[in-house]
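Pasted below: run-v3.txt, compact mmCIF, C-alpha atoms.
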```txt
# COMPACT_ATOMS: atom_id res chain seq x y z
CA MET A 760 5.53 -7.85 6.22
CA ILE A 761 7.33 -6.15 9.08
CA ALA A 762 7.94 -3.18 6.77
CA LEU A 763 4.20 -2.92 6.11
CA LEU A 764 3.41 -3.22 9.82
CA THR A 765 5.86 -0.50 10.85
CA ARG A 766 4.66 1.71 8.00
CA ASP A 767 1.02 1.35 9.04
CA ILE A 768 1.76 2.03 12.69
CA ARG A 769 3.90 5.02 11.74
CA LEU A 770 1.13 6.37 9.51
CA ALA A 771 -1.40 5.95 12.30
CA ILE A 772 0.73 7.77 14.82
CA ARG A 773 1.74 10.67 12.55
CA ALA A 774 -0.50 13.70 12.19
CA GLY A 775 -3.89 12.92 10.69
CA GLY A 776 -3.44 9.19 11.17
CA GLY A 777 -6.35 8.83 13.52
CA PHE A 778 -4.39 7.34 16.40
CA GLY A 779 -6.09 8.28 19.65
CA LEU A 780 -9.32 9.10 17.84
CA GLY A 781 -10.90 5.80 18.80
CA LEU A 782 -9.53 6.10 22.30
CA ALA A 783 -10.96 9.62 22.73
CA PHE A 784 -14.31 8.44 21.36
CA PHE A 785 -14.32 5.52 23.82
CA LEU A 786 -13.57 7.90 26.68
CA ILE A 787 -16.37 10.29 25.71
CA VAL A 788 -18.99 7.56 25.20
CA VAL A 789 -18.20 6.00 28.56
CA VAL A 790 -18.18 9.37 30.32
CA LEU A 791 -21.54 10.26 28.78
CA VAL A 792 -23.27 7.14 30.10
CA PRO A 793 -23.36 8.21 33.77
CA PHE A 794 -24.82 11.54 32.64
CA GLY A 795 -27.50 9.66 30.74
CA VAL A 796 -28.54 7.15 33.39
CA GLY A 797 -27.95 9.33 36.44
CA PRO A 798 -25.53 9.02 39.33
CA GLN A 799 -26.74 5.69 40.76
CA SER A 800 -23.61 3.73 41.41
CA ASP A 801 -25.37 0.37 41.88
CA LEU A 802 -27.07 0.69 38.49
CA LEU A 803 -23.82 1.83 36.85
CA ALA A 804 -21.94 -1.08 38.40
CA ARG A 805 -24.46 -3.48 36.87
CA ILE A 806 -24.25 -2.04 33.34
CA ALA A 807 -20.53 -1.11 33.42
CA ALA A 808 -19.27 -4.25 31.65
CA GLY A 809 -21.80 -3.95 28.83
CA VAL A 810 -21.22 -0.23 28.38
CA LEU A 811 -17.46 -0.70 28.20
CA TRP A 812 -17.85 -3.45 25.64
CA ILE A 813 -20.23 -1.46 23.43
CA GLY A 814 -18.02 1.60 23.76
CA ALA A 815 -14.95 -0.39 22.70
CA LEU A 816 -16.85 -1.89 19.78
CA LEU A 817 -18.02 1.49 18.48
CA ALA A 818 -14.58 3.03 18.96
CA CYS A 819 -13.11 0.17 16.97
CA LEU A 820 -15.65 0.74 14.20
CA LEU A 821 -14.68 4.39 13.90
CA SER A 822 -11.27 3.80 12.35
CA LEU A 823 -12.10 0.78 10.19
CA ASP A 824 -12.63 2.60 6.91
CA ARG A 825 -9.05 3.90 7.06
CA ILE A 826 -7.60 0.39 6.86
CA PHE A 827 -7.77 0.13 3.09
CA ALA A 828 -9.45 3.32 1.83
CA LEU A 829 -6.36 5.54 2.11
CA ASP A 830 -4.14 2.97 0.44
CA TRP A 831 -6.70 2.56 -2.30
CA GLU A 832 -6.97 6.30 -2.93
CA ASP A 833 -3.27 6.92 -3.36
CA GLY A 834 -2.66 3.79 -5.41
CA SER A 835 -0.61 1.95 -2.79
CA LEU A 836 -3.08 -0.92 -2.76
CA ASP A 837 -2.54 -1.58 -6.50
CA LEU A 838 1.18 -1.53 -5.94
CA LEU A 839 0.91 -3.81 -2.89
CA ALA A 840 -1.19 -6.23 -4.93
CA THR A 841 1.58 -6.48 -7.51
CA ALA A 842 4.30 -6.69 -4.84
CA PRO A 843 5.69 -10.06 -3.70
CA LEU A 844 3.54 -9.99 -0.54
CA PRO A 845 0.50 -12.26 -0.74
CA MET A 846 -2.81 -10.41 -0.27
CA GLU A 847 -3.63 -12.66 2.69
CA ALA A 848 -0.51 -11.41 4.45
CA VAL A 849 -1.44 -7.82 3.62
CA ALA A 850 -4.87 -8.37 5.21
CA VAL A 851 -3.39 -9.95 8.36
CA VAL A 852 -0.78 -7.23 8.75
CA LYS A 853 -3.36 -4.49 8.24
CA ALA A 854 -5.61 -6.08 10.88
CA LEU A 855 -2.69 -6.43 13.27
CA ALA A 856 -1.69 -2.79 12.77
CA HIS A 857 -5.29 -1.74 13.37
CA TRP A 858 -5.43 -3.78 16.57
CA LEU A 859 -2.13 -2.39 17.85
CA THR A 860 -3.17 1.21 17.21
CA THR A 861 -6.86 0.93 18.17
CA GLY A 862 -7.72 -2.30 19.99
CA LEU A 863 -4.79 -2.47 22.38
CA PRO A 864 -5.15 1.15 23.63
CA LEU A 865 -8.87 0.43 24.27
CA VAL A 866 -7.97 -2.63 26.33
CA LEU A 867 -5.50 -0.62 28.36
CA ALA A 868 -7.92 2.26 28.88
CA ALA A 869 -10.87 0.07 29.88
CA PRO A 870 -9.87 -0.46 33.56
CA VAL A 871 -9.40 3.28 34.03
CA LEU A 872 -12.85 3.93 32.62
CA GLY A 873 -14.19 1.08 34.76
CA VAL A 874 -13.49 3.27 37.78
CA LEU A 875 -15.73 5.97 36.31
CA LEU A 876 -18.56 3.46 36.06
CA SER A 877 -17.85 2.11 39.59
CA LEU A 878 -17.08 -1.35 38.27
CA PRO A 879 -16.80 -3.82 41.18
CA ALA A 880 -13.24 -4.88 42.02
CA GLN A 881 -13.65 -8.53 40.98
CA GLY A 882 -14.78 -7.40 37.52
CA TYR A 883 -11.51 -5.86 36.31
CA VAL A 884 -9.58 -9.00 35.42
CA PRO A 885 -12.39 -10.64 33.41
CA LEU A 886 -13.16 -7.32 31.69
CA VAL A 887 -9.58 -6.80 30.53
CA VAL A 888 -9.14 -10.46 29.56
CA SER A 889 -12.40 -10.44 27.58
CA LEU A 890 -11.40 -7.27 25.72
CA LEU A 891 -7.90 -8.60 25.11
CA LEU A 892 -9.38 -11.75 23.59
CA GLY A 893 -12.23 -10.05 21.76
CA THR A 894 -10.69 -6.96 20.17
CA PRO A 895 -8.43 -8.90 17.75
CA ALA A 896 -11.60 -10.45 16.32
CA LEU A 897 -13.13 -6.97 16.00
CA SER A 898 -10.08 -5.79 14.03
CA MET A 899 -10.03 -8.84 11.79
CA ILE A 900 -13.77 -8.74 11.01
CA GLY A 901 -13.43 -5.01 10.43
CA THR A 902 -10.55 -5.57 8.00
CA PHE A 903 -12.76 -7.96 6.05
CA GLY A 904 -15.53 -5.32 5.99
CA ALA A 905 -13.06 -2.65 4.90
CA ALA A 906 -11.85 -4.94 2.10
CA LEU A 907 -15.47 -5.42 0.97
CA THR A 908 -16.18 -1.71 0.77
CA VAL A 909 -12.83 -0.53 -0.58
CA GLY A 910 -13.27 1.62 -3.64
CA LEU A 911 -16.80 2.70 -2.76
CA LYS A 912 -17.23 6.42 -2.38
CA ARG A 913 -18.23 7.11 1.23
CA GLY A 914 -18.28 3.43 2.03
CA GLY A 915 -18.00 4.16 5.76
CA LEU A 916 -21.70 3.89 6.53
CA LEU A 917 -22.13 0.74 4.48
CA LEU A 918 -19.09 -0.65 6.26
CA SER A 919 -20.75 -0.07 9.65
CA LEU A 920 -23.94 -1.76 8.49
CA LEU A 921 -22.00 -4.75 7.19
CA VAL A 922 -19.67 -5.12 10.12
CA LEU A 923 -21.91 -4.48 13.15
CA PRO A 924 -24.02 -7.65 12.71
CA LEU A 925 -20.80 -9.65 12.35
CA TYR A 926 -19.66 -8.24 15.69
CA VAL A 927 -22.67 -9.75 17.51
CA PRO A 928 -21.11 -13.11 18.54
CA THR A 929 -17.97 -11.42 19.85
CA LEU A 930 -20.07 -8.90 21.76
CA ILE A 931 -22.36 -11.55 23.26
CA PHE A 932 -19.59 -13.71 24.64
CA GLY A 933 -17.26 -10.84 25.52
CA ALA A 934 -19.89 -8.92 27.46
CA GLU A 935 -21.20 -12.13 29.01
CA MET A 936 -17.74 -12.99 30.27
CA ALA A 937 -17.23 -9.51 31.72
CA ARG A 938 -20.70 -9.55 33.31
CA ARG A 939 -20.15 -12.95 34.91
CA GLY A 940 -16.86 -11.67 36.25
CA VAL A 941 -18.62 -8.69 37.83
CA ASP A 942 -21.23 -10.97 39.43
CA GLY A 943 -18.48 -13.23 40.77
CA LEU A 944 -19.64 -16.20 38.68
CA ASP A 945 -17.51 -18.70 36.77
CA TYR A 946 -16.66 -17.27 33.33
CA GLY A 947 -14.79 -20.21 31.82
CA THR A 948 -17.38 -21.07 29.15
CA PRO A 949 -17.79 -17.58 27.61
CA LEU A 950 -14.01 -17.19 27.73
CA LEU A 951 -13.53 -20.34 25.69
CA MET A 952 -16.29 -19.36 23.26
CA LEU A 953 -14.76 -15.90 22.81
CA ALA A 954 -11.29 -17.36 22.27
CA GLY A 955 -12.78 -19.78 19.73
CA ILE A 956 -14.49 -16.99 17.80
CA THR A 957 -11.31 -14.94 17.72
CA CYS A 958 -9.18 -17.88 16.57
CA GLY A 959 -11.76 -18.75 13.92
CA THR A 960 -11.92 -15.24 12.49
CA ILE A 961 -8.14 -14.90 12.43
CA ALA A 962 -7.81 -18.26 10.70
CA LEU A 963 -10.48 -17.75 8.03
CA LEU A 964 -11.09 -14.08 7.35
CA PRO A 965 -7.66 -13.18 5.89
CA PHE A 966 -8.48 -15.46 2.95
CA ALA A 967 -11.92 -13.91 2.52
CA ALA A 968 -10.48 -10.40 2.79
CA ALA A 969 -7.79 -11.17 0.21
CA ALA A 970 -10.36 -12.64 -2.18
CA VAL A 971 -12.65 -9.59 -2.04
CA LEU A 972 -9.66 -7.25 -2.36
CA ARG A 973 -8.61 -8.99 -5.57
CA VAL A 974 -12.13 -8.61 -6.94
CA ASN A 975 -12.34 -4.97 -5.88
CA LEU A 976 -9.03 -4.08 -7.51
CA ARG A 977 -10.09 -5.23 -10.98
CA MET B 1145 12.93 -12.95 -19.09
CA THR B 1146 10.79 -12.41 -22.13
CA VAL B 1147 7.20 -11.37 -21.61
CA THR B 1148 4.95 -13.04 -24.16
CA VAL B 1149 1.41 -11.83 -24.68
CA THR B 1150 -0.70 -14.10 -26.86
CA ASP B 1151 -4.10 -13.23 -28.31
CA LEU B 1152 -5.09 -11.26 -25.22
CA SER B 1153 -8.59 -9.85 -24.79
CA VAL B 1154 -9.31 -7.50 -21.93
CA ALA B 1155 -12.49 -6.00 -20.52
CA ARG B 1156 -13.23 -2.97 -18.42
CA GLY B 1157 -16.40 -3.05 -16.33
CA GLY B 1158 -17.66 -6.03 -18.31
CA VAL B 1159 -17.18 -4.31 -21.67
CA ARG B 1160 -14.64 -5.90 -23.97
CA VAL B 1161 -12.24 -3.15 -25.02
CA LEU B 1162 -9.30 -4.86 -26.72
CA GLU B 1163 -8.99 -8.24 -28.39
CA GLY B 1164 -6.31 -10.24 -30.10
CA VAL B 1165 -3.35 -8.32 -28.68
CA SER B 1166 -0.11 -10.24 -29.17
CA PHE B 1167 3.49 -9.16 -28.70
CA ASP B 1168 6.82 -10.23 -27.29
CA LEU B 1169 8.94 -8.10 -25.02
CA ALA B 1170 12.52 -9.33 -25.01
CA PRO B 1171 15.16 -8.37 -22.43
CA GLY B 1172 16.72 -5.06 -23.34
CA ALA B 1173 13.73 -3.95 -25.38
CA ALA B 1174 11.12 -1.28 -24.76
CA LEU B 1175 7.62 -1.26 -26.19
CA VAL B 1176 5.49 1.87 -26.28
CA LEU B 1177 1.72 1.44 -26.41
CA ARG B 1178 -0.11 4.14 -28.31
CA GLY B 1179 -3.77 4.76 -28.87
CA PRO B 1180 -6.53 7.30 -28.27
CA ASN B 1181 -8.02 7.84 -24.80
CA GLY B 1182 -10.27 5.02 -23.72
CA ILE B 1183 -8.83 2.43 -26.08
CA GLY B 1184 -7.82 0.28 -23.10
CA LYS B 1185 -4.13 0.99 -22.51
CA THR B 1186 -4.54 1.08 -18.73
CA THR B 1187 -6.75 -2.01 -18.75
CA LEU B 1188 -4.20 -3.88 -20.84
CA LEU B 1189 -1.35 -2.89 -18.54
CA ARG B 1190 -3.33 -3.84 -15.42
CA THR B 1191 -4.09 -7.22 -16.97
CA ILE B 1192 -0.44 -7.81 -17.79
CA ALA B 1193 0.52 -6.75 -14.26
CA GLY B 1194 -1.93 -9.36 -12.92
CA LEU B 1195 -4.37 -6.97 -11.28
CA GLN B 1196 -7.26 -8.32 -13.32
CA PRO B 1197 -7.80 -11.53 -15.23
CA PRO B 1198 -7.89 -11.50 -19.04
CA LEU B 1199 -11.09 -12.44 -20.87
CA SER B 1200 -9.06 -14.75 -23.07
CA GLY B 1201 -5.49 -15.19 -24.16
CA GLN B 1202 -2.36 -15.49 -22.08
CA VAL B 1203 0.35 -13.42 -20.48
CA GLU B 1204 3.54 -15.39 -19.96
CA ALA B 1205 6.24 -13.88 -17.79
CA ALA B 1206 8.75 -15.21 -15.34
CA PRO B 1207 7.32 -15.14 -11.80
CA ASP B 1208 8.29 -12.08 -9.76
CA SER B 1209 9.75 -10.27 -12.74
CA LEU B 1210 7.16 -7.52 -13.26
CA VAL B 1211 6.70 -4.26 -11.46
CA TYR B 1212 3.73 -2.03 -12.17
CA ALA B 1213 3.42 1.74 -11.83
CA GLY B 1214 0.00 3.23 -12.43
CA HIS B 1215 -1.49 6.71 -12.51
CA ALA B 1216 -1.19 7.06 -8.72
CA ASP B 1217 2.24 6.92 -7.17
CA GLY B 1218 1.30 5.37 -3.83
CA ILE B 1219 3.05 8.08 -1.83
CA LYS B 1220 2.10 8.56 1.79
CA PRO B 1221 1.84 12.29 2.57
CA THR B 1222 3.03 11.96 6.18
CA LEU B 1223 6.09 9.83 5.40
CA SER B 1224 9.30 11.39 4.15
CA VAL B 1225 10.75 10.61 0.72
CA ARG B 1226 13.29 8.32 2.37
CA GLU B 1227 10.62 6.45 4.35
CA ASN B 1228 8.40 6.07 1.30
CA LEU B 1229 11.22 4.62 -0.78
CA SER B 1230 12.63 2.43 1.99
CA PHE B 1231 9.20 0.92 2.55
CA TRP B 1232 8.90 -0.21 -1.05
CA ALA B 1233 12.50 -1.43 -1.05
CA GLN B 1234 11.75 -3.59 1.99
CA VAL B 1235 8.52 -4.92 0.50
CA PHE B 1236 10.54 -6.15 -2.46
CA GLY B 1237 13.25 -7.50 -0.18
CA LYS B 1238 15.85 -4.85 -1.02
CA LYS B 1239 17.66 -2.34 1.17
CA ASP B 1240 19.59 0.17 -0.91
CA ILE B 1241 17.72 3.27 -2.08
CA SER B 1242 20.72 5.49 -2.86
CA ALA B 1243 20.89 4.58 -6.57
CA ALA B 1244 17.22 5.46 -7.05
CA VAL B 1245 17.60 8.72 -5.13
CA GLU B 1246 20.58 9.62 -7.29
CA ALA B 1247 18.93 8.69 -10.58
CA PHE B 1248 15.89 10.88 -9.99
CA ASP B 1249 17.76 13.70 -8.21
CA LEU B 1250 15.81 13.35 -4.98
CA GLY B 1251 18.79 13.94 -2.67
CA ALA B 1252 17.71 17.45 -1.72
CA LEU B 1253 14.17 16.26 -0.94
CA ILE B 1254 15.08 13.13 1.00
CA ASP B 1255 13.66 14.23 4.36
CA ARG B 1256 10.68 16.15 3.05
CA PRO B 1257 7.22 14.68 3.75
CA GLY B 1258 5.50 13.25 0.69
CA GLY B 1259 2.57 15.61 1.13
CA LEU B 1260 4.74 18.67 0.53
CA LEU B 1261 6.14 17.50 -2.81
CA SER B 1262 4.97 19.05 -6.06
CA ALA B 1263 3.17 16.89 -8.61
CA GLY B 1264 6.33 16.44 -10.65
CA GLN B 1265 8.43 15.61 -7.59
CA LYS B 1266 5.84 13.03 -6.53
CA ARG B 1267 6.03 11.45 -9.94
CA ARG B 1268 9.83 11.30 -9.73
CA LEU B 1269 9.50 9.59 -6.35
CA GLY B 1270 6.94 7.18 -7.83
CA LEU B 1271 9.33 6.33 -10.66
CA ALA B 1272 12.28 5.99 -8.28
CA ARG B 1273 10.27 3.17 -6.67
CA LEU B 1274 10.84 1.13 -9.85
CA LEU B 1275 14.58 1.19 -9.28
CA VAL B 1276 14.44 0.06 -5.66
CA THR B 1277 12.31 -2.99 -6.52
CA GLY B 1278 15.06 -4.58 -8.59
CA ARG B 1279 12.48 -6.08 -10.96
CA ALA B 1280 13.41 -6.63 -14.61
CA VAL B 1281 10.18 -5.80 -16.45
CA TRP B 1282 8.68 -2.36 -15.90
CA VAL B 1283 5.00 -1.97 -16.73
CA LEU B 1284 4.36 1.78 -16.76
CA ASP B 1285 1.12 3.64 -17.28
CA GLU B 1286 1.67 7.25 -18.41
CA PRO B 1287 5.00 7.55 -16.57
CA THR B 1288 5.73 11.12 -17.73
CA VAL B 1289 2.55 12.85 -16.56
CA SER B 1290 3.40 16.12 -14.76
CA LEU B 1291 7.14 15.78 -15.45
CA ASP B 1292 8.97 18.77 -16.93
CA VAL B 1293 11.31 18.53 -19.91
CA ASP B 1294 14.41 17.93 -17.77
CA ALA B 1295 12.69 15.27 -15.71
CA VAL B 1296 11.46 13.51 -18.86
CA ALA B 1297 15.04 13.42 -20.09
CA MET B 1298 16.09 12.11 -16.67
CA PHE B 1299 13.45 9.39 -16.94
CA ALA B 1300 14.55 8.49 -20.48
CA ARG B 1301 18.15 8.13 -19.24
CA VAL B 1302 16.99 5.82 -16.42
CA VAL B 1303 14.94 3.68 -18.80
CA ARG B 1304 17.86 3.46 -21.21
CA ALA B 1305 20.21 2.38 -18.41
CA HIS B 1306 17.63 -0.20 -17.32
CA LEU B 1307 17.40 -1.58 -20.86
CA ALA B 1308 21.20 -1.66 -21.17
CA ALA B 1309 21.32 -3.71 -17.96
CA GLY B 1310 19.07 -6.35 -19.55
CA GLY B 1311 15.74 -5.08 -18.26
CA SER B 1312 12.72 -4.29 -20.37
CA ALA B 1313 9.92 -1.76 -20.26
CA LEU B 1314 6.33 -1.64 -21.42
CA LEU B 1315 5.02 1.92 -21.49
CA ALA B 1316 1.75 3.58 -22.31
CA THR B 1317 2.50 7.16 -23.19
CA HIS B 1318 1.45 9.97 -25.48
CA ILE B 1319 4.64 11.95 -25.61
CA ASP B 1320 7.88 11.16 -27.36
CA LEU B 1321 10.41 10.03 -24.79
CA GLY B 1322 13.33 10.28 -27.16
CA LEU B 1323 13.80 6.53 -26.88
CA GLY B 1324 14.62 5.96 -30.54
CA GLU B 1325 15.16 2.24 -30.04
CA ALA B 1326 11.71 1.65 -28.55
CA GLU B 1327 9.18 -0.16 -30.68
CA VAL B 1328 5.73 1.36 -30.95
CA LEU B 1329 2.55 -0.69 -30.86
CA ASP B 1330 -0.58 1.12 -31.97
CA LEU B 1331 -3.58 -0.38 -30.20
CA ALA B 1332 -6.23 1.03 -32.54
CA PRO B 1333 -6.39 -2.10 -34.79
CA PHE B 1334 -7.08 -4.26 -31.69
CA ARG B 1335 -10.18 -2.34 -30.62
CA ALA B 1336 -12.90 -4.87 -29.79
CA ALA B 1337 -15.35 -5.18 -32.68
CA LYS B 1338 -18.57 -5.18 -30.74
CA MET B 1339 -18.69 -3.34 -27.48
CA ASP B 1340 -21.76 -5.09 -26.08
CA MET B 1341 -22.04 -7.10 -22.92
CA ASP B 1342 -22.55 -10.66 -24.11
CA ASP B 1343 -22.33 -11.93 -20.58
CA PHE B 1344 -24.13 -9.50 -18.31
CA ASP B 1345 -22.91 -11.17 -15.11
CA GLU B 1346 -19.35 -10.43 -16.10
CA ALA B 1347 -19.75 -6.89 -14.83
CA PHE B 1348 -20.31 -8.22 -11.34
CA LEU B 1349 -17.80 -11.05 -11.27
```

Taking this structure as input, can you express it in the form of structure tokens?
Amino acid sequence: MIALLTRDIRLAIRAGGGFGLGLAFFLIVVVLVPFGVGPQSDLLARIAAGVLWIGALLACLLSLDRIFALDWEDGSLDLLATAPLPMEAVAVVKALAHWLTTGLPLVLAAPVLGVLLSLPAQGYVPLVVSLLLGTPALSMIGTFGAALTVGLKRGGLLLSLLVLPLYVPTLIFGAEMARRGVDGLDYGTPLLMLAGITCGTIALLPFAAAAVLRVNLR
Amino acid sequence: MTVTVTDLSVARGGVRVLEGVSFDLAPGAALVLRGPNGIGKTTLLRTIAGLQPPLSGQVEAAPDSLVYAGHADGIKPTLSVRENLSFWAQVFGKKDISAAVEAFDLGALIDRPGGLLSAGQKRRLGLARLLVTGRAVWVLDEPTVSLDVDAVAMFARVVRAHLAAGGSALLATHIDLGLGEAEVLDLAPFRAAKMDMDDFDEAFL
């Protein structure tokens, strides 16, 4: 499992692996927002948390179709399926590698981009905590979506359509937590809901992803 | 570690392609599957490897004894030959790749990225993966595609050494490997009689 994780991270970092692509996309989306809504710092401060969350979500979506598609194309997925690793473990490791190469950089970049959107000072901690809790769920749900669409030619668009609705609960509670933090309100409840969603997806979706992978490999 | 296939029927895309296939593969033996294109050699091998369920019949093999190599070699273009091989060795819980590198003469290519290999070199790397897994039963689909004459001879030597060490091999191939001791199973008599979809849902399940 560690071999698969290091391989996936290495592949992502090497040329053409797409590492930094999501991060650059996140940066551009967030930079474009002030151009779109105009330089009103009070308005930007109010929407900053939501914009950062939607930006992170879209950036995460961008690299999802690489999770399984490349391995499927070159036959590695067939070979992994016949290897002693259980498919559930493959799905978990793939999701973890995706989070480490896409989700974690987004979490780390978010406070920097918060400055651009004049995010109020008390909003930084809840924003980062909400992203840290929420992005693993985004990666896991995305891995399930990627497993569903593996083998489809140009499945990327279908993947987005399948995955975006599944992202709604994470987005609602994540953005709500960040927004409450900005307003100086108590954010305990959305934090617990977000943590619950993330734990639930990580507990259940590897089995679903493994099941659809087995069907898709037939 | 005998592999026993009993009365196996396999389907591709919901269409029954082969039925009633039975054979035994004993340790030290090789079995070559022959048959025209589309008869179902790949489907049969994928079923035996456990990638798809059979329609009926059974495949009996010791757990964790099979290793499958299909048309694609599973080589990552941005990883070097060494990294590609080491990855598969680790997945199968092994460490040593030197024997495989030696057997397929990959020493000179060891640090070259997979993407820069020629088709034949890729295939040699794909076949070297079999050696690092340490599995006893090799299930190979067209293993000699894009290999030159020397490399085919190299492959035949490796298979022969594997058989001598008590392993076994199940190959689908069109060319003569020079493995005189290998049995040949012609799949033509097992072609499914009626190629209709008696259970339409099967295509989606």

Taking only residues of chain A that have an atom at most 8 Å from an atom of chain B, what is each one's shortest atom pair and its distance in Å to one decimal, using only C-alpha atoms, in chain and number order, as a Markdown table?
```
| residue | atom | partner | partner_atom | distance |
| --- | --- | --- | --- | --- |
| A:Met760 | CA | B:Val1235 | CA | 7.1 |
| A:Ala762 | CA | B:Phe1231 | CA | 6.0 |
| A:Leu763 | CA | B:Phe1231 | CA | 7.2 |
| A:Arg766 | CA | B:Phe1231 | CA | 7.1 |
| A:Leu770 | CA | B:Thr1222 | CA | 6.8 |
| A:Arg773 | CA | B:Thr1222 | CA | 6.6 |
| A:Ala774 | CA | B:Thr1222 | CA | 7.2 |
| A:Asp830 | CA | B:Gly1218 | CA | 7.3 |
| A:Asp833 | CA | B:Gly1218 | CA | 4.8 |
| A:Gly834 | CA | B:Gly1218 | CA | 4.5 |
| A:Ser835 | CA | B:Gly1218 | CA | 4.1 |
| A:Leu836 | CA | B:Gly1218 | CA | 7.7 |
| A:Asp837 | CA | B:Leu1195 | CA | 7.4 |
| A:Leu838 | CA | B:Tyr1212 | CA | 6.8 |
| A:Ala840 | CA | B:Leu1195 | CA | 7.1 |
| A:Thr841 | CA | B:Tyr1212 | CA | 6.8 |
| A:Ala842 | CA | B:Phe1236 | CA | 6.7 |
| A:Pro843 | CA | B:Phe1236 | CA | 6.4 |
| A:Leu844 | CA | B:Val1235 | CA | 7.2 |
| A:Arg973 | CA | B:Leu1195 | CA | 7.4 |
| A:Val974 | CA | B:Leu1349 | CA | 7.5 |
| A:Leu976 | CA | B:Leu1195 | CA | 6.7 |
| A:Arg977 | CA | B:Gln1196 | CA | 4.8 |
```

Legend entry - Gap from atom CA of A:Thr957 to atom CA of A:Leu817 - Å, one decimal: 17.8 Å

Legend entry - Closest of A:Val941, A:Ala934, A:Val796, A:Ala880 to A:Trp812 - atom-to-atom distances counting all atoms listed in the file: A:Ala934

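Coordinates place atom CA of A:Leu839 at a distance of 28.7 Å from atom CA of B:Pro1180.
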
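Closest approach to A:Gly904 among A:Gly940, A:Pro924, A:Gly779, A:Pro870 is made by A:Pro924 (distances from all atoms listed in the file).
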
Inset, instruction - Could you give me, as a ChimeraX atom specification, the residues within 7 Å of B:Phe1334, counting all atoms listed in the file and dropping anything in the same chain fewer than 4 positions from it? - result: /B:1162-1165

Legend entry - Best match for closeness to A:Leu951 among A:Val888, A:Gly797, A:Ile813, A:Leu963, counting only C-alpha atoms: A:Val888

Legend entry - Distance query A:Val810 at most 10 Å, all atoms listed in the file, self and fewer than 4 positions along chain excluded, as a PyMOL selection string: chain A and resi 788-789+792+803+805-806+814-816+873+876+934
